[in-house]
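For reference, protein_12.tsv is printed below; it contains TSV, C-alpha atoms.
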```tsv
chain	number	residue	atom	x	y	z
A	22	MET	CA	85.89	235.51	103.56
A	23	SER	CA	86.78	232.61	105.84
A	24	THR	CA	84.79	229.48	106.52
A	25	LEU	CA	85.96	228.05	109.81
A	26	ALA	CA	85.81	224.27	109.98
A	27	THR	CA	87.25	223.81	113.50
A	28	PRO	CA	90.26	225.10	115.41
A	29	ALA	CA	93.01	224.44	112.88
A	30	SER	CA	95.40	222.90	115.37
A	31	ALA	CA	93.21	219.93	116.29
A	32	GLN	CA	91.08	217.27	114.67
A	33	SER	CA	87.95	216.12	116.44
A	34	PRO	CA	87.02	212.43	116.18
A	35	GLU	CA	84.13	213.06	113.77
A	36	GLN	CA	86.20	215.11	111.34
A	37	THR	CA	88.11	214.02	108.29
A	38	PRO	CA	91.62	215.48	107.92
A	39	GLU	CA	90.57	217.89	105.15
A	40	GLN	CA	87.82	219.32	107.37
A	41	THR	CA	90.46	220.67	109.76
A	42	PHE	CA	91.59	223.13	107.07
A	43	GLU	CA	90.12	226.63	107.28
A	44	ILE	CA	89.01	227.87	103.87
A	45	HIS	CA	89.98	231.44	103.01
A	46	ALA	CA	88.43	231.94	99.59
A	47	SER	CA	90.18	234.12	97.04
A	48	ALA	CA	88.52	237.48	96.47
A	49	HIS	CA	89.88	237.53	92.92
A	50	PRO	CA	89.60	234.07	91.35
A	51	VAL	CA	90.57	233.62	87.71
A	52	PRO	CA	87.55	234.44	85.52
A	53	ASP	CA	85.72	231.44	84.08
A	54	GLU	CA	86.69	232.30	80.50
A	55	GLU	CA	90.37	232.60	81.36
A	56	ARG	CA	90.33	229.34	83.30
A	57	ALA	CA	88.58	227.57	80.41
A	58	ALA	CA	91.27	228.79	78.02
A	59	ALA	CA	94.01	227.52	80.33
A	60	LEU	CA	92.34	224.12	80.64
A	61	ALA	CA	91.85	223.83	76.90
A	62	ALA	CA	95.60	223.79	76.25
A	63	PRO	CA	97.44	223.31	79.54
A	64	ARG	CA	101.21	223.67	79.59
A	65	PHE	CA	103.25	221.94	82.25
A	66	GLY	CA	103.78	224.03	85.39
A	67	THR	CA	103.01	227.49	83.98
A	68	VAL	CA	99.46	228.24	85.20
A	69	PHE	CA	98.30	227.71	88.78
A	70	THR	CA	94.93	227.42	90.48
A	71	ASP	CA	93.28	230.07	92.65
A	72	HIS	CA	94.34	228.64	96.01
A	73	MET	CA	97.07	226.81	97.90
A	74	ALA	CA	96.94	224.64	101.01
A	75	ARG	CA	99.24	225.45	103.90
A	76	VAL	CA	100.28	224.16	107.34
A	77	SER	CA	102.82	225.81	109.61
A	78	TRP	CA	105.23	224.19	112.04
A	79	SER	CA	107.44	225.36	114.88
A	80	GLN	CA	109.45	223.42	117.40
A	81	ALA	CA	107.39	225.02	120.18
A	82	THR	CA	103.89	224.28	118.84
A	83	GLY	CA	104.25	221.52	116.27
A	84	TRP	CA	101.99	221.47	113.19
A	85	HIS	CA	99.29	224.15	113.31
A	86	ASP	CA	97.19	226.65	111.31
A	87	ARG	CA	95.88	224.29	108.65
A	88	ARG	CA	94.29	226.39	105.94
A	89	VAL	CA	93.52	226.86	102.26
A	90	GLU	CA	94.29	230.41	101.18
A	91	PRO	CA	94.53	232.42	97.95
A	92	TYR	CA	97.47	231.48	95.73
A	93	GLY	CA	100.10	234.19	95.90
A	94	PRO	CA	103.72	235.17	96.56
A	95	LEU	CA	105.45	234.08	99.73
A	96	GLN	CA	106.95	236.78	101.92
A	97	LEU	CA	110.46	235.73	102.95
A	98	ASP	CA	112.94	237.58	105.11
A	99	PRO	CA	116.39	237.81	103.44
A	100	ALA	CA	117.72	235.68	106.29
A	101	THR	CA	115.14	232.89	105.86
A	102	ALA	CA	117.01	229.62	106.41
A	103	VAL	CA	116.00	227.91	103.16
A	104	LEU	CA	117.64	230.67	101.09
A	105	HIS	CA	121.02	229.98	102.65
A	106	TYR	CA	121.09	226.29	103.57
A	107	ALA	CA	118.70	224.69	101.02
A	108	GLN	CA	116.63	222.93	103.66
A	109	GLU	CA	113.60	222.05	101.52
A	110	ILE	CA	111.82	219.05	100.01
A	111	PHE	CA	108.96	218.46	97.58
A	112	GLU	CA	106.72	215.86	95.99
A	113	GLY	CA	104.77	215.49	92.76
A	114	LEU	CA	101.50	213.68	92.07
A	115	LYS	CA	98.42	214.21	89.93
A	116	ALA	CA	94.65	214.43	90.20
A	117	TYR	CA	92.76	212.76	87.34
A	118	ARG	CA	89.23	213.45	86.14
A	119	HIS	CA	87.49	210.13	85.44
A	120	PRO	CA	84.78	209.66	82.78
A	121	ASP	CA	82.00	209.92	85.40
A	122	GLY	CA	83.29	213.30	86.60
A	123	THR	CA	84.87	212.05	89.82
A	124	VAL	CA	88.43	213.06	90.68
A	125	TRP	CA	91.10	210.60	91.82
A	126	THR	CA	94.79	210.54	92.64
A	127	PHE	CA	97.37	207.78	92.34
A	128	ARG	CA	99.06	206.16	95.35
A	129	PRO	CA	99.22	209.31	97.52
A	130	GLU	CA	100.18	207.29	100.57
A	131	ALA	CA	103.45	206.37	98.82
A	132	ASN	CA	104.18	210.05	98.18
A	133	ALA	CA	103.36	210.88	101.79
A	134	ALA	CA	105.76	208.19	103.02
A	135	ARG	CA	108.55	209.39	100.71
A	136	PHE	CA	107.90	212.98	101.84
A	137	ARG	CA	108.48	211.89	105.45
A	138	ARG	CA	111.70	210.11	104.48
A	139	SER	CA	112.90	213.18	102.62
A	140	ALA	CA	112.06	215.36	105.63
A	141	GLN	CA	114.04	213.10	107.92
A	142	ARG	CA	117.09	213.25	105.63
A	143	LEU	CA	116.93	217.06	105.38
A	144	ALA	CA	116.37	217.47	109.15
A	145	LEU	CA	112.89	218.90	108.61
A	146	PRO	CA	109.78	218.01	110.66
A	147	GLU	CA	107.96	214.91	109.48
A	148	LEU	CA	104.45	215.72	108.27
A	149	PRO	CA	101.75	213.21	109.28
A	150	ALA	CA	100.25	211.33	106.33
A	151	GLU	CA	96.76	212.54	107.25
A	152	ASP	CA	97.91	216.16	106.88
A	153	PHE	CA	99.58	215.40	103.55
A	154	LEU	CA	96.41	213.88	102.08
A	155	GLY	CA	94.13	216.27	103.96
A	156	ALA	CA	95.87	219.25	102.36
A	157	ILE	CA	95.47	217.71	98.90
A	158	ARG	CA	91.79	216.91	99.45
A	159	ALA	CA	91.09	220.39	100.83
A	160	LEU	CA	92.84	222.16	97.95
A	161	VAL	CA	91.30	220.04	95.20
A	162	GLY	CA	87.90	220.43	96.85
A	163	VAL	CA	88.15	224.22	96.63
A	164	ASP	CA	89.72	224.30	93.16
A	165	ARG	CA	87.77	221.39	91.67
A	166	GLU	CA	86.89	223.37	88.53
A	167	TRP	CA	90.60	223.42	87.67
A	168	VAL	CA	90.82	219.65	87.11
A	169	PRO	CA	90.94	219.29	83.30
A	170	THR	CA	89.09	216.70	81.24
A	171	GLY	CA	91.16	216.48	78.02
A	172	GLU	CA	93.25	213.54	76.83
A	173	GLU	CA	96.52	213.16	78.79
A	174	THR	CA	95.58	216.11	81.04
A	175	SER	CA	95.53	216.23	84.83
A	176	LEU	CA	95.91	218.57	87.78
A	177	TYR	CA	99.55	218.39	88.85
A	178	LEU	CA	99.94	218.68	92.63
A	179	ARG	CA	103.16	219.99	94.16
A	180	PRO	CA	103.45	219.53	97.94
A	181	PHE	CA	106.61	221.13	99.36
A	182	MET	CA	108.19	222.14	102.65
A	183	TYR	CA	110.86	224.69	103.43
A	184	ALA	CA	112.81	225.94	106.44
A	185	SER	CA	111.17	229.26	107.27
A	186	GLU	CA	113.05	230.43	110.37
A	187	ARG	CA	114.79	233.82	110.12
A	188	PHE	CA	118.37	233.05	111.10
A	189	LEU	CA	121.89	232.57	109.81
A	190	GLY	CA	123.57	229.51	111.26
A	191	VAL	CA	124.20	225.92	110.20
A	192	ARG	CA	121.60	224.00	112.19
A	193	PRO	CA	118.11	222.67	111.48
A	194	SER	CA	115.45	225.33	111.29
A	195	LEU	CA	113.09	225.66	114.23
A	196	GLU	CA	110.25	226.72	111.91
A	197	ALA	CA	108.90	225.29	108.66
A	198	GLU	CA	106.07	225.80	106.17
A	199	PHE	CA	104.28	223.06	104.23
A	200	LEU	CA	102.30	224.03	101.14
A	201	VAL	CA	100.49	222.41	98.22
A	202	ILE	CA	100.06	224.24	94.94
A	203	ALA	CA	98.33	222.91	91.83
A	204	SER	CA	98.72	223.38	88.09
A	205	PRO	CA	96.55	222.02	85.24
A	206	VAL	CA	98.88	220.18	82.88
A	207	GLY	CA	99.00	218.35	79.60
A	208	PRO	CA	101.74	215.94	78.49
A	209	TYR	CA	105.14	216.66	80.07
A	210	PHE	CA	106.74	216.72	76.62
A	211	ALA	CA	104.78	219.14	74.44
A	212	GLY	CA	105.22	216.96	71.35
A	213	GLY	CA	103.54	214.01	73.02
A	214	VAL	CA	104.96	210.55	73.69
A	215	LYS	CA	107.96	210.09	71.44
A	216	PRO	CA	111.48	208.73	71.96
A	217	VAL	CA	114.00	211.07	73.54
A	218	SER	CA	117.76	211.23	73.09
A	219	ILE	CA	119.94	210.75	76.16
A	220	TRP	CA	123.49	211.95	76.85
A	221	VAL	CA	125.39	209.83	79.38
A	222	ALA	CA	127.31	212.20	81.66
A	223	ARG	CA	130.84	211.16	82.54
A	224	ASP	CA	132.10	214.28	84.36
A	225	TYR	CA	129.09	214.81	86.64
A	226	HIS	CA	127.22	212.67	89.16
A	227	ARG	CA	123.73	213.20	90.50
A	228	ALA	CA	124.44	211.85	93.98
A	229	GLY	CA	126.92	209.93	96.09
A	230	ALA	CA	126.75	207.29	98.81
A	231	GLY	CA	125.53	208.80	102.05
A	232	GLY	CA	124.20	211.89	100.26
A	233	THR	CA	120.68	213.02	99.48
A	234	GLY	CA	120.09	210.94	96.34
A	235	ALA	CA	117.12	209.09	97.84
A	236	ALA	CA	115.48	212.33	99.04
A	237	LYS	CA	113.34	214.49	96.79
A	238	CYS	CA	115.02	217.81	97.46
A	239	GLY	CA	115.76	220.75	95.22
A	240	GLY	CA	119.52	220.48	95.55
A	241	ASN	CA	119.56	217.18	93.64
A	242	TYR	CA	117.80	218.83	90.72
A	243	ALA	CA	119.91	221.98	90.85
A	244	ALA	CA	123.03	219.81	90.53
A	245	SER	CA	121.63	218.27	87.35
A	246	LEU	CA	121.00	221.55	85.53
A	247	LEU	CA	124.53	222.24	84.26
A	248	PRO	CA	124.99	218.75	82.73
A	249	GLN	CA	121.45	219.05	81.36
A	250	GLN	CA	122.38	222.39	79.78
A	251	GLU	CA	125.50	220.88	78.24
A	252	ALA	CA	123.46	217.98	76.86
A	253	TYR	CA	121.05	220.42	75.23
A	254	ALA	CA	124.01	222.15	73.60
A	255	LYS	CA	125.03	218.78	72.11
A	256	GLY	CA	121.55	218.23	70.72
A	257	PHE	CA	120.24	215.85	73.41
A	258	GLU	CA	117.07	216.12	75.45
A	259	GLN	CA	118.01	214.49	78.75
A	260	VAL	CA	121.03	213.36	80.79
A	261	CYS	CA	121.67	209.97	82.37
A	262	PHE	CA	124.02	209.87	85.34
A	263	LEU	CA	126.42	207.09	86.33
A	264	ASP	CA	127.37	205.98	89.82
A	265	ASP	CA	129.95	208.17	91.56
A	266	ARG	CA	132.10	205.30	92.85
A	267	THR	CA	133.03	203.48	89.63
A	268	GLY	CA	131.47	205.55	86.86
A	269	THR	CA	130.34	202.32	85.18
A	270	GLN	CA	126.71	201.86	86.30
A	271	LEU	CA	123.57	203.67	85.16
A	272	GLU	CA	121.71	205.36	87.98
A	273	GLU	CA	118.95	207.68	86.77
A	274	LEU	CA	118.11	210.68	84.65
A	275	GLY	CA	117.93	214.15	86.15
A	276	GLY	CA	114.31	213.61	87.11
A	277	MET	CA	113.34	210.07	86.06
A	278	ASN	CA	114.24	206.46	86.76
A	279	VAL	CA	115.54	204.27	83.93
A	280	VAL	CA	114.44	200.74	82.92
A	281	VAL	CA	116.02	198.35	80.39
A	282	VAL	CA	114.00	195.74	78.45
A	283	ARG	CA	115.89	192.80	76.96
A	284	ALA	CA	114.93	191.02	73.75
A	285	ASP	CA	113.98	187.90	75.75
A	286	GLY	CA	111.38	189.97	77.64
A	287	SER	CA	113.28	190.24	80.91
A	288	VAL	CA	113.55	193.65	82.53
A	289	VAL	CA	116.27	195.21	84.68
A	290	THR	CA	116.47	198.52	86.51
A	291	PRO	CA	119.10	199.95	88.88
A	292	PRO	CA	118.40	199.16	92.54
A	293	VAL	CA	117.34	201.89	94.96
A	294	SER	CA	120.30	201.76	97.31
A	295	GLY	CA	120.44	205.31	98.68
A	296	THR	CA	121.62	207.23	95.61
A	297	ILE	CA	118.49	206.75	93.47
A	298	LEU	CA	115.05	208.22	94.11
A	299	GLU	CA	112.48	205.55	94.95
A	300	GLY	CA	109.99	206.45	92.23
A	301	VAL	CA	106.31	205.75	92.83
A	302	THR	CA	105.79	205.38	89.08
A	303	ARG	CA	108.85	203.11	88.90
A	304	SER	CA	107.55	200.67	91.52
A	305	SER	CA	104.10	200.62	89.90
A	306	ILE	CA	105.55	199.85	86.47
A	307	LEU	CA	107.67	197.03	87.88
A	308	ARG	CA	104.53	195.53	89.40
A	309	LEU	CA	102.66	195.74	86.08
A	310	LEU	CA	105.61	194.18	84.26
A	311	THR	CA	105.66	191.33	86.75
A	312	ASP	CA	101.90	190.86	86.37
A	313	ALA	CA	102.42	190.62	82.60
A	314	GLY	CA	104.88	187.75	83.02
A	315	HIS	CA	108.16	189.61	82.59
A	316	GLU	CA	111.11	188.57	84.71
A	317	VAL	CA	111.98	191.74	86.61
A	318	SER	CA	115.23	192.30	88.46
A	319	GLU	CA	116.65	195.26	90.36
A	320	GLU	CA	120.41	195.09	89.90
A	321	PRO	CA	123.29	197.24	88.67
A	322	VAL	CA	123.05	198.14	84.98
A	323	LEU	CA	126.59	198.33	83.61
A	324	LEU	CA	127.03	200.85	80.83
A	325	ASP	CA	129.38	198.57	78.87
A	326	GLU	CA	126.88	195.71	79.00
A	327	LEU	CA	124.06	198.01	77.91
A	328	ARG	CA	126.15	199.26	75.00
A	329	ALA	CA	126.91	195.70	73.94
A	330	GLY	CA	123.25	194.74	74.24
A	331	LEU	CA	122.16	197.66	72.08
A	332	ALA	CA	124.81	196.79	69.49
A	333	ASP	CA	123.92	193.08	69.22
A	334	GLY	CA	120.16	193.47	69.69
A	335	SER	CA	119.89	191.66	73.03
A	336	VAL	CA	118.54	194.91	74.52
A	337	SER	CA	115.37	195.92	72.68
A	338	GLU	CA	113.98	198.84	74.67
A	339	VAL	CA	115.02	201.43	77.25
A	340	PHE	CA	112.59	203.84	78.87
A	341	ALA	CA	112.51	206.48	81.60
A	342	CYS	CA	109.66	206.88	84.08
A	343	GLY	CA	108.37	209.40	86.60
A	344	THR	CA	105.20	211.14	87.74
A	345	ALA	CA	105.40	214.06	85.33
A	346	ALA	CA	106.14	212.18	82.09
A	347	VAL	CA	104.78	208.74	83.20
A	348	MET	CA	106.86	206.65	80.74
A	349	THR	CA	109.13	208.04	78.06
A	350	PRO	CA	110.82	205.79	75.48
A	351	ILE	CA	114.55	206.36	74.94
A	352	GLY	CA	115.47	206.21	71.27
A	353	ARG	CA	119.13	207.15	71.36
A	354	LEU	CA	121.91	206.80	73.93
A	355	ALA	CA	125.27	208.49	73.47
A	356	SER	CA	128.39	209.86	75.16
A	357	ASP	CA	131.86	210.97	74.08
A	358	ASP	CA	132.84	207.52	72.80
A	359	PHE	CA	129.60	205.99	71.50
A	360	ASP	CA	126.30	206.86	69.85
A	361	LEU	CA	123.70	204.09	69.67
A	362	VAL	CA	120.09	203.77	68.57
A	363	VAL	CA	117.81	201.86	70.94
A	364	GLY	CA	115.94	199.18	68.99
A	365	ASP	CA	114.58	200.84	65.87
A	366	GLY	CA	114.60	204.28	67.49
A	367	GLU	CA	110.85	204.22	68.14
A	368	ALA	CA	108.75	203.40	71.19
A	369	GLY	CA	108.92	199.65	71.81
A	370	PRO	CA	105.92	197.36	72.36
A	371	VAL	CA	106.60	196.75	76.07
A	372	THR	CA	106.94	200.47	76.80
A	373	THR	CA	103.81	201.26	74.80
A	374	ARG	CA	101.71	198.50	76.35
A	375	ILE	CA	102.67	199.14	79.99
A	376	ARG	CA	102.29	202.89	79.61
A	377	ALA	CA	98.79	202.40	78.23
A	378	GLU	CA	97.91	200.01	81.06
A	379	LEU	CA	99.15	202.40	83.75
A	380	THR	CA	97.44	205.48	82.33
A	381	ASP	CA	94.21	203.53	81.80
A	382	ILE	CA	94.22	202.77	85.54
A	383	GLN	CA	95.00	206.38	86.45
A	384	TYR	CA	92.25	207.81	84.23
A	385	GLY	CA	89.65	205.25	85.25
A	386	ARG	CA	89.52	203.42	81.94
A	387	ALA	CA	90.68	200.10	83.44
A	388	ALA	CA	90.09	198.22	86.67
A	389	ASP	CA	92.28	199.26	89.59
A	390	ARG	CA	93.13	195.73	90.68
A	391	HIS	CA	95.94	196.85	93.02
A	392	GLY	CA	93.92	199.48	94.88
A	393	TRP	CA	96.25	202.28	93.80
A	394	MET	CA	93.65	204.98	93.22
A	395	THR	CA	92.26	207.27	95.94
A	396	GLN	CA	89.10	209.26	95.30
A	397	LEU	CA	89.34	212.96	96.12
A	398	LEU	CA	85.92	214.16	94.90
```
Show me, as structure tokens, the structure contained in the file I just sent.
Amino acid sequence: MSTLATPASAQSPEQTPEQTFEIHASAHPVPDEERAAALAAPRFGTVFTDHMARVSWSQATGWHDRRVEPYGPLQLDPATAVLHYAQEIFEGLKAYRHPDGTVWTFRPEANAARFRRSAQRLALPELPAEDFLGAIRALVGVDREWVPTGEETSLYLRPFMYASERFLGVRPSLEAEFLVIASPVGPYFAGGVKPVSIWVARDYHRAGAGGTGAAKCGGNYAASLLPQQEAYAKGFEQVCFLDDRTGTQLEELGGMNVVVVRADGSVVTPPVSGTILEGVTRSSILRLLTDAGHEVSEEPVLLDELRAGLADGSVSEVFACGTAAVMTPIGRLASDDFDLVVGDGEAGPVTTRIRAELTDIQYGRAADRHGWMTQLL
């Protein structure tokens, strides 16, 4: 069954962006009991809602066919460009159920802007911000019953775009597909918020100058999997990468930015200079730290200086941050030639306080003084 809003290729002046999406309802939605069981104990990225939002693009027609359709497999020709040349990008954000039952998301315009920057770097078409948010609103509107209500739960939203043209040849694709899928999730780390152990990689680098480090593309994450696997084998939970030029400066984890808190209350984090992803959570945390009176600087973090600070106590906390995990305290930092505990090995007071402040804003328990939240329903 299809409910036609308007011709999907155009938006009339009286329409909101989400109203341009045709709704093709699933004939086989997940039964209520099964959905309730999934929402009662959501695991990160394993269960998905009944629908997905989609917009197609071609060089000849531009963006067209805006629709919400049943969630299901994608049919790809073996010669589809993305399978051979990795021309794809993605984003991650969450929808939060507030105490009054309304549903909100956090700084989606920042994700939309980063999605456009990633598209430009990967030679993909740039999606208008109104389509990015319109797709999210349309999907969450249809699958509103999938937004969980439990502590530390949310509906994780994964917008992504891939080169869909059927061809073999090293050039930008002339066709692309943009989709949004959604998954009810609990805490990123199943054991809850607790310090993680970090292995500092010396033989691998996440990105290099002039590369795709500032873009959110799958290739960056694929390159981190082998060092991540090796870290697991050593008994560590995550990997921190150093800069490719000197091998002396912290950059970021495989999927999170890193922040250092000194004993005097000042805070430092590596600058976003083309090799580090410009995290939405990162920038929000830096703003909250500044509001709280911390001196915040974005400058190179030298590994040797961090090691010395951990040894003499002048560095009191280190944490990682990103959309999925929000803020994760780092309790141990090690590599081939050192193994150091961060502070007392537990979550520090700054990490704990700022994480609580940020999540209180996201879940509607505290005032949104910066105007970060956008209501979806």
Just to confirm, what's the straight-line distance from atom CA of Phe136 of chain A to atom CA of Arg88 of chain A in Å (one decimal)?
19.5 Å
A:Ala140, A:Leu274, A:Val288, A:Ala116 ranked by distance to Ser218 of chain A, top pick (using only C-alpha atoms)
A:Leu274
Enter the distance from atom CA of Phe127 of chain A to atom CA of Glu299 of chain A, in Å, rounded to one decimal.
15.5 Å
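In terms of minimum interatomic distance to Tyr384 of chain A, A:Gln396 ranks closest within A:Gln396, A:Ala329, A:Ser318, A:Asp357, counting only C-alpha atoms.
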Atom pair atom CA of Ala345 of chain A / atom CA of Ser287 of chain A: separation (Å):
25.5 Å
